[in-house]
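Containing PDB, C-alpha atoms, pLDDT in the B column: target18.pdb.
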```
ATOM      1  CA  MET A   1       0.000   0.000   0.000  1.00 83.00           C
ATOM      2  CA  LEU A   2       2.825   2.440   0.868  1.00 85.00           C
ATOM      3  CA  ARG A   3       4.525   1.698  -2.456  1.00 88.00           C
ATOM      4  CA  THR A   4       1.444   2.588  -4.448  1.00 90.00           C
ATOM      5  CA  THR A   5       0.477   5.588  -2.329  1.00 94.00           C
ATOM      6  CA  THR A   6       3.895   7.231  -2.499  1.00 95.00           C
ATOM      7  CA  LEU A   7       4.171   6.513  -6.208  1.00 96.00           C
ATOM      8  CA  MET A   8       0.737   8.006  -6.859  1.00 96.00           C
ATOM      9  CA  GLY A   9       1.679  11.077  -4.812  1.00 96.00           C
ATOM     10  CA  ALA A  10       4.978  11.399  -6.645  1.00 97.00           C
ATOM     11  CA  THR A  11       3.248  11.153 -10.013  1.00 97.00           C
ATOM     12  CA  LEU A  12       0.585  13.695  -9.088  1.00 96.00           C
ATOM     13  CA  THR A  13       3.012  16.258  -7.672  1.00 96.00           C
ATOM     14  CA  MET A  14       5.441  15.767 -10.551  1.00 97.00           C
ATOM     15  CA  GLY A  15       2.581  16.431 -12.952  1.00 97.00           C
ATOM     16  CA  LEU A  16       1.734  19.623 -11.086  1.00 95.00           C
ATOM     17  CA  VAL A  17       5.279  20.972 -11.108  1.00 96.00           C
ATOM     18  CA  ALA A  18       5.861  19.950 -14.728  1.00 97.00           C
ATOM     19  CA  GLY A  19       2.677  21.809 -15.616  1.00 96.00           C
ATOM     20  CA  VAL A  20       3.862  24.952 -13.838  1.00 95.00           C
ATOM     21  CA  PHE A  21       7.244  24.859 -15.580  1.00 96.00           C
ATOM     22  CA  ALA A  22       5.545  24.289 -18.944  1.00 97.00           C
ATOM     23  CA  LEU A  23       3.051  27.083 -18.307  1.00 96.00           C
ATOM     24  CA  TYR A  24       5.912  29.499 -17.652  1.00 94.00           C
ATOM     25  CA  ALA A  25       7.622  28.349 -20.865  1.00 95.00           C
ATOM     26  CA  HIS A  26       4.694  28.605 -23.248  1.00 95.00           C
ATOM     27  CA  THR A  27       2.472  31.251 -21.683  1.00 95.00           C
ATOM     28  CA  ILE A  28       3.768  33.432 -18.870  1.00 94.00           C
ATOM     29  CA  MET A  29       7.221  34.384 -20.137  1.00 94.00           C
ATOM     30  CA  PRO A  30       6.175  34.777 -23.806  1.00 95.00           C
ATOM     31  CA  GLY A  31       3.296  36.976 -22.659  1.00 96.00           C
ATOM     32  CA  LEU A  32       5.528  39.085 -20.433  1.00 95.00           C
ATOM     33  CA  ARG A  33       8.148  39.347 -23.188  1.00 95.00           C
ATOM     34  CA  LYS A  34       5.663  41.431 -25.197  1.00 96.00           C
ATOM     35  CA  THR A  35       5.081  43.990 -22.445  1.00 97.00           C
ATOM     36  CA  ASP A  36       6.794  47.273 -21.667  1.00 97.00           C
ATOM     37  CA  ASP A  37       9.527  47.348 -19.019  1.00 97.00           C
ATOM     38  CA  ARG A  38       7.362  48.604 -16.147  1.00 97.00           C
ATOM     39  CA  THR A  39       4.663  46.010 -16.798  1.00 97.00           C
ATOM     40  CA  PHE A  40       7.259  43.265 -17.109  1.00 97.00           C
ATOM     41  CA  VAL A  41       9.003  44.098 -13.832  1.00 97.00           C
ATOM     42  CA  THR A  42       5.757  44.640 -11.916  1.00 97.00           C
ATOM     43  CA  ALA A  43       4.061  41.505 -13.250  1.00 97.00           C
ATOM     44  CA  PHE A  44       7.121  39.314 -12.747  1.00 96.00           C
ATOM     45  CA  GLN A  45       7.683  40.542  -9.207  1.00 97.00           C
ATOM     46  CA  GLN A  46       4.064  39.905  -8.258  1.00 96.00           C
ATOM     47  CA  THR A  47       3.895  36.520 -10.002  1.00 95.00           C
ATOM     48  CA  ASP A  48       7.051  35.329  -8.268  1.00 93.00           C
ATOM     49  CA  ARG A  49       5.805  36.527  -4.884  1.00 94.00           C
ATOM     50  CA  ALA A  50       2.523  34.705  -5.468  1.00 94.00           C
ATOM     51  CA  ILE A  51       4.114  31.377  -6.431  1.00 91.00           C
ATOM     52  CA  ILE A  52       6.215  31.254  -3.267  1.00 89.00           C
ATOM     53  CA  ASN A  53       3.390  29.862  -1.152  1.00 89.00           C
ATOM     54  CA  PRO A  54       2.866  26.683   0.875  1.00 87.00           C
ATOM     55  CA  TRP A  55       0.528  25.143  -1.714  1.00 85.00           C
ATOM     56  CA  PHE A  56       3.124  25.235  -4.481  1.00 85.00           C
ATOM     57  CA  MET A  57       6.306  24.863  -2.442  1.00 85.00           C
ATOM     58  CA  ILE A  58       5.138  21.920  -0.310  1.00 85.00           C
ATOM     59  CA  THR A  59       2.717  20.049  -2.532  1.00 83.00           C
ATOM     60  CA  ALA A  60       4.229  20.541  -5.965  1.00 82.00           C
ATOM     61  CA  PHE A  61       7.867  21.645  -5.973  1.00 85.00           C
ATOM     62  CA  GLY A  62       8.976  19.977  -2.731  1.00 89.00           C
ATOM     63  CA  GLY A  63       6.360  17.245  -2.891  1.00 91.00           C
ATOM     64  CA  ALA A  64       7.619  15.978  -6.227  1.00 95.00           C
ATOM     65  CA  PHE A  65      11.141  15.753  -4.824  1.00 96.00           C
ATOM     66  CA  VAL A  66      10.270  14.103  -1.495  1.00 96.00           C
ATOM     67  CA  LEU A  67       7.553  11.780  -2.775  1.00 96.00           C
ATOM     68  CA  THR A  68       9.646  10.598  -5.729  1.00 97.00           C
ATOM     69  CA  LEU A  69      12.522   9.877  -3.369  1.00 97.00           C
ATOM     70  CA  VAL A  70      10.244   7.991  -0.951  1.00 97.00           C
ATOM     71  CA  ALA A  71       8.555   6.154  -3.837  1.00 97.00           C
ATOM     72  CA  GLY A  72      11.994   5.022  -4.978  1.00 97.00           C
ATOM     73  CA  ILE A  73      12.916   3.819  -1.498  1.00 96.00           C
ATOM     74  CA  THR A  74       9.636   1.946  -1.020  1.00 95.00           C
ATOM     75  CA  ASN A  75       9.790   0.413  -4.500  1.00 95.00           C
ATOM     76  CA  ARG A  76      13.325  -0.986  -4.307  1.00 94.00           C
ATOM     77  CA  GLY A  77      13.452  -4.409  -5.889  1.00 93.00           C
ATOM     78  CA  THR A  78      10.321  -3.879  -7.988  1.00 93.00           C
ATOM     79  CA  PRO A  79      10.078  -3.427 -11.766  1.00 93.00           C
ATOM     80  CA  ALA A  80       9.085   0.210 -11.133  1.00 94.00           C
ATOM     81  CA  PHE A  81      12.274   1.123  -9.259  1.00 96.00           C
ATOM     82  CA  GLY A  82      14.481   1.959 -12.261  1.00 96.00           C
ATOM     83  CA  TRP A  83      11.804   4.195 -13.758  1.00 97.00           C
ATOM     84  CA  ILE A  84      11.313   5.990 -10.451  1.00 98.00           C
ATOM     85  CA  ALA A  85      15.069   6.425 -10.028  1.00 98.00           C
ATOM     86  CA  ALA A  86      15.333   7.887 -13.538  1.00 98.00           C
ATOM     87  CA  ALA A  87      12.440  10.258 -12.784  1.00 98.00           C
ATOM     88  CA  PHE A  88      14.148  11.344  -9.576  1.00 98.00           C
ATOM     89  CA  GLY A  89      17.411  11.994 -11.414  1.00 98.00           C
ATOM     90  CA  LEU A  90      15.668  14.099 -14.039  1.00 98.00           C
ATOM     91  CA  TYR A  91      13.774  16.084 -11.450  1.00 98.00           C
ATOM     92  CA  LEU A  92      16.933  16.590  -9.418  1.00 97.00           C
ATOM     93  CA  ILE A  93      18.345  18.401 -12.465  1.00 98.00           C
ATOM     94  CA  ALA A  94      15.267  20.657 -12.489  1.00 97.00           C
ATOM     95  CA  VAL A  95      15.667  21.394  -8.776  1.00 96.00           C
ATOM     96  CA  ILE A  96      19.362  22.231  -9.176  1.00 97.00           C
ATOM     97  CA  ILE A  97      18.607  24.560 -12.098  1.00 97.00           C
ATOM     98  CA  THR A  98      15.834  26.199 -10.108  1.00 95.00           C
ATOM     99  CA  VAL A  99      18.144  26.871  -7.163  1.00 95.00           C
ATOM    100  CA  ALA A 100      21.177  27.843  -9.249  1.00 97.00           C
ATOM    101  CA  VAL A 101      19.556  29.946 -11.992  1.00 96.00           C
ATOM    102  CA  ASN A 102      15.873  30.719 -11.594  1.00 95.00           C
ATOM    103  CA  VAL A 103      15.761  31.629  -7.906  1.00 94.00           C
ATOM    104  CA  PRO A 104      18.708  34.071  -8.040  1.00 96.00           C
ATOM    105  CA  LEU A 105      17.227  35.815 -11.099  1.00 96.00           C
ATOM    106  CA  ASN A 106      13.789  35.947  -9.501  1.00 95.00           C
ATOM    107  CA  ASP A 107      15.184  37.228  -6.206  1.00 96.00           C
ATOM    108  CA  ALA A 108      17.209  39.930  -7.966  1.00 96.00           C
ATOM    109  CA  ILE A 109      14.215  41.332  -9.814  1.00 96.00           C
ATOM    110  CA  LYS A 110      12.152  41.329  -6.611  1.00 96.00           C
ATOM    111  CA  ALA A 111      14.984  42.996  -4.659  1.00 97.00           C
ATOM    112  CA  ALA A 112      15.191  45.788  -7.234  1.00 97.00           C
ATOM    113  CA  GLY A 113      12.281  47.453  -5.496  1.00 96.00           C
ATOM    114  CA  ASP A 114       9.071  49.212  -6.369  1.00 96.00           C
ATOM    115  CA  PRO A 115       8.774  49.630 -10.157  1.00 97.00           C
ATOM    116  CA  ALA A 116       7.476  53.158  -9.604  1.00 96.00           C
ATOM    117  CA  ARG A 117      10.808  54.100  -8.009  1.00 96.00           C
ATOM    118  CA  ILE A 118      13.441  52.235 -10.021  1.00 97.00           C
ATOM    119  CA  ASP A 119      14.880  52.247 -13.529  1.00 97.00           C
ATOM    120  CA  VAL A 120      12.703  49.425 -14.845  1.00 97.00           C
ATOM    121  CA  ALA A 121      14.580  49.240 -18.181  1.00 97.00           C
ATOM    122  CA  GLN A 122      17.850  48.624 -16.350  1.00 96.00           C
ATOM    123  CA  VAL A 123      16.258  46.075 -13.995  1.00 97.00           C
ATOM    124  CA  ARG A 124      14.724  44.214 -16.919  1.00 96.00           C
ATOM    125  CA  ALA A 125      18.008  44.226 -18.832  1.00 94.00           C
ATOM    126  CA  GLN A 126      19.872  42.858 -15.798  1.00 94.00           C
ATOM    127  CA  PHE A 127      17.191  40.188 -15.303  1.00 94.00           C
ATOM    128  CA  ASN A 128      18.408  38.292 -18.375  1.00 92.00           C
ATOM    129  CA  GLU A 129      15.136  36.944 -19.754  1.00 93.00           C
ATOM    130  CA  ALA A 130      16.938  34.718 -22.247  1.00 93.00           C
ATOM    131  CA  ARG A 131      18.922  32.921 -19.527  1.00 95.00           C
ATOM    132  CA  ARG A 132      15.822  32.413 -17.401  1.00 94.00           C
ATOM    133  CA  ALA A 133      13.815  31.138 -20.375  1.00 94.00           C
ATOM    134  CA  ALA A 134      16.588  28.700 -21.354  1.00 96.00           C
ATOM    135  CA  ALA A 135      16.885  27.422 -17.796  1.00 96.00           C
ATOM    136  CA  ASN A 136      13.140  26.992 -17.632  1.00 96.00           C
ATOM    137  CA  LEU A 137      13.130  24.994 -20.873  1.00 97.00           C
ATOM    138  CA  VAL A 138      15.600  22.585 -19.275  1.00 98.00           C
ATOM    139  CA  ARG A 139      13.237  22.296 -16.297  1.00 98.00           C
ATOM    140  CA  VAL A 140      10.412  21.456 -18.717  1.00 98.00           C
ATOM    141  CA  ALA A 141      12.633  18.987 -20.583  1.00 98.00           C
ATOM    142  CA  THR A 142      13.430  17.175 -17.328  1.00 98.00           C
ATOM    143  CA  SER A 143      10.192  17.381 -15.339  1.00 98.00           C
ATOM    144  CA  VAL A 144       7.785  16.389 -18.130  1.00 98.00           C
ATOM    145  CA  PRO A 145       9.677  13.148 -18.900  1.00 98.00           C
ATOM    146  CA  ALA A 146       9.988  12.555 -15.140  1.00 98.00           C
ATOM    147  CA  PHE A 147       6.195  12.713 -14.955  1.00 98.00           C
ATOM    148  CA  GLY A 148       5.933  10.212 -17.819  1.00 98.00           C
ATOM    149  CA  LEU A 149       8.423   7.872 -16.152  1.00 98.00           C
ATOM    150  CA  LEU A 150       6.454   7.960 -12.910  1.00 97.00           C
ATOM    151  CA  ALA A 151       3.232   7.275 -14.805  1.00 97.00           C
ATOM    152  CA  TRP A 152       4.902   4.259 -16.407  1.00 97.00           C
ATOM    153  CA  ALA A 153       6.122   3.131 -12.992  1.00 96.00           C
ATOM    154  CA  LEU A 154       2.492   3.209 -11.832  1.00 93.00           C
ATOM    155  CA  VAL A 155       1.538   0.957 -14.737  1.00 93.00           C
ATOM    156  CA  LEU A 156       4.316  -1.470 -13.805  1.00 91.00           C
ATOM    157  CA  GLY A 157       3.273  -1.357 -10.161  1.00 83.00           C
ATOM    158  CA  GLY A 158      -0.294  -2.131 -11.142  1.00 74.00           C
ATOM    159  CA  ARG A 159       0.827  -5.078 -13.242  1.00 67.00           C
ATOM    160  CA  ALA A 160       2.876  -6.445 -10.363  1.00 64.00           C
ATOM    161  CA  THR A 161      -0.116  -6.393  -8.017  1.00 63.00           C
ATOM    162  CA  ALA A 162      -2.684  -7.693 -10.549  1.00 53.00           C
TER     163      ALA A 162
END
```

Output the structure of this file as structure tokens.
Amino acid sequence: MLRTTTLMGATLTMGLVAGVFALYAHTIMPGLRKTDDRTFVTAFQQTDRAIINPWFMITAFGGAFVLTLVAGITNRGTPAFGWIAAAFGLYLIAVIITVAVNVPLNDAIKAAGDPARIDVAQVRAQFNEARRAAANLVRVATSVPAFGLLAWALVLGGRATA
């Protein structure tokens, strides 16, 4: 029961975080790219402040990491283990990129201050949209397959118990 429950939780949370990363890649950042500097800085600051909340940080971002790790531990010796381990490795890359690239860029734009009182063109230029977008595409390219691998691990787990 613990094997299946943790694997289901890992799959669900991985799907949530992969969806968020994909949404940033194909909707949020392309939409913001077309705005003026003040709108970009204001919208990005507020969006980043909003996403740093217990719902996302615990259930999706952190949940995918912890539940995939626990699913791997509880599924050692099963046909699903290798798929879970591969999913964990892929998501670990996304977490490292988030901490090393995305968070520092996000924090810098938030620390710049109130858009009504700063040089928003300079802040936007220093933000490095291209670097953030590229890093986010790597997060999409790792988390979406991780979700698929976990889904396949669920199929294998179901076969093993049938």

Across A:Leu32, A:Ala116, A:Ala94, A:Ala50, the smallest distance to Ser143 (chain A), with all atoms listed in the file counted, is shown by A:Ala94

**OP:** Counting only C-alpha atoms, find the residues whose atoms lie at most 9 Å from (11.7, 26.2, -17.8) (file coordinates) and write them out as a count of residues only.
**Re:** 19

Using the chain letters and numbers from the file, which residues does the PyMOL selection byres ((chain A and resi 82) around 12) grab, as a list in words?
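On this input, the PyMOL selection byres ((chain A and resi 82) around 12) captures Thr68, Ala71, Gly72, Ile73, Asn75, Arg76, Gly77, Thr78, Pro79, Ala80, Phe81, Trp83, Ile84, Ala85, Ala86, Ala87, Phe88, Gly89, Ala146, Leu149, Leu150, Trp152, Ala153, Leu156 and Gly157 of chain A.
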
> Got a sec: who's within 12 Å of Arg49 (chain A), counting all atoms listed in the file, leaving out chain neighbours fewer than 3 positions off, as number ranges by chain?
Replying inline: A: 42-46, 52-54, 56-57, 103, 106-107, 109-111

A straight line from CA of Val66 (chain A) to CA of Met14 (chain A) spans 10.4 Å

Restricting to only C-alpha atoms, whichever of A:Gly62, A:Thr27, A:Val99, A:Gln126 is closest to Ala112 (chain A) is A:Gln126

Could you check which of A:Ala125, A:Ile118, A:Ala10, A:Ala64 is closest to Arg33 (chain A), using all atoms listed in the file?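 Distance minimum relative to Arg33 (chain A) lands on A:Ala125.
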
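Using all atoms listed in the file, the nearest neighbour of Val123 (chain A) within the list A:Ile51, A:Met1, A:Val41, A:Ile58 is A:Val41.
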
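Closest approach to Val144 (chain A) from the set A:Gln122, A:Leu69, A:Leu16, A:Asp36 is made by A:Leu16, with distances taken over all atoms listed in the file.
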
Centre and edges of the region 55-68 of chain A box, axis-aligned, 3 Å extra per side, as JSON:
```
{"center_x": 5.8, "center_y": 17.9, "center_z": -3.3, "size_x": 16.6, "size_y": 20.6, "size_z": 11.9}
```

The distance between CA of Arg38 (chain A) and CA of Gly113 (chain A) is 11.8 Å

Separating CA of Met8 (chain A) from CA of Phe61 (chain A), to the nearest tenth of an Å, is a gap of 15.4 Å

Between A:Val120, A:Ala60, A:Met29, A:Ile96, smallest distance to Thr47 (chain A) by only C-alpha atoms belongs to A:Met29

Leaving out Thr74 (chain A) and any residue of its chain fewer than 3 positions from it, which residues lie within 8 Å of it when counting all atoms listed in the file, given as a PDB file with C-alpha atoms, keeping the file's coordinate frame?
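Dumped everything to selection-v1.pdb:
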```
ATOM      1  CA  LEU A   2       2.825   2.440   0.868  1.00 85.00           C
ATOM      2  CA  ARG A   3       4.525   1.698  -2.456  1.00 88.00           C
ATOM      3  CA  THR A   6       3.895   7.231  -2.499  1.00 95.00           C
ATOM      4  CA  VAL A  70      10.244   7.991  -0.951  1.00 97.00           C
ATOM      5  CA  ALA A  71       8.555   6.154  -3.837  1.00 97.00           C
TER       6      ALA A  71
END
```
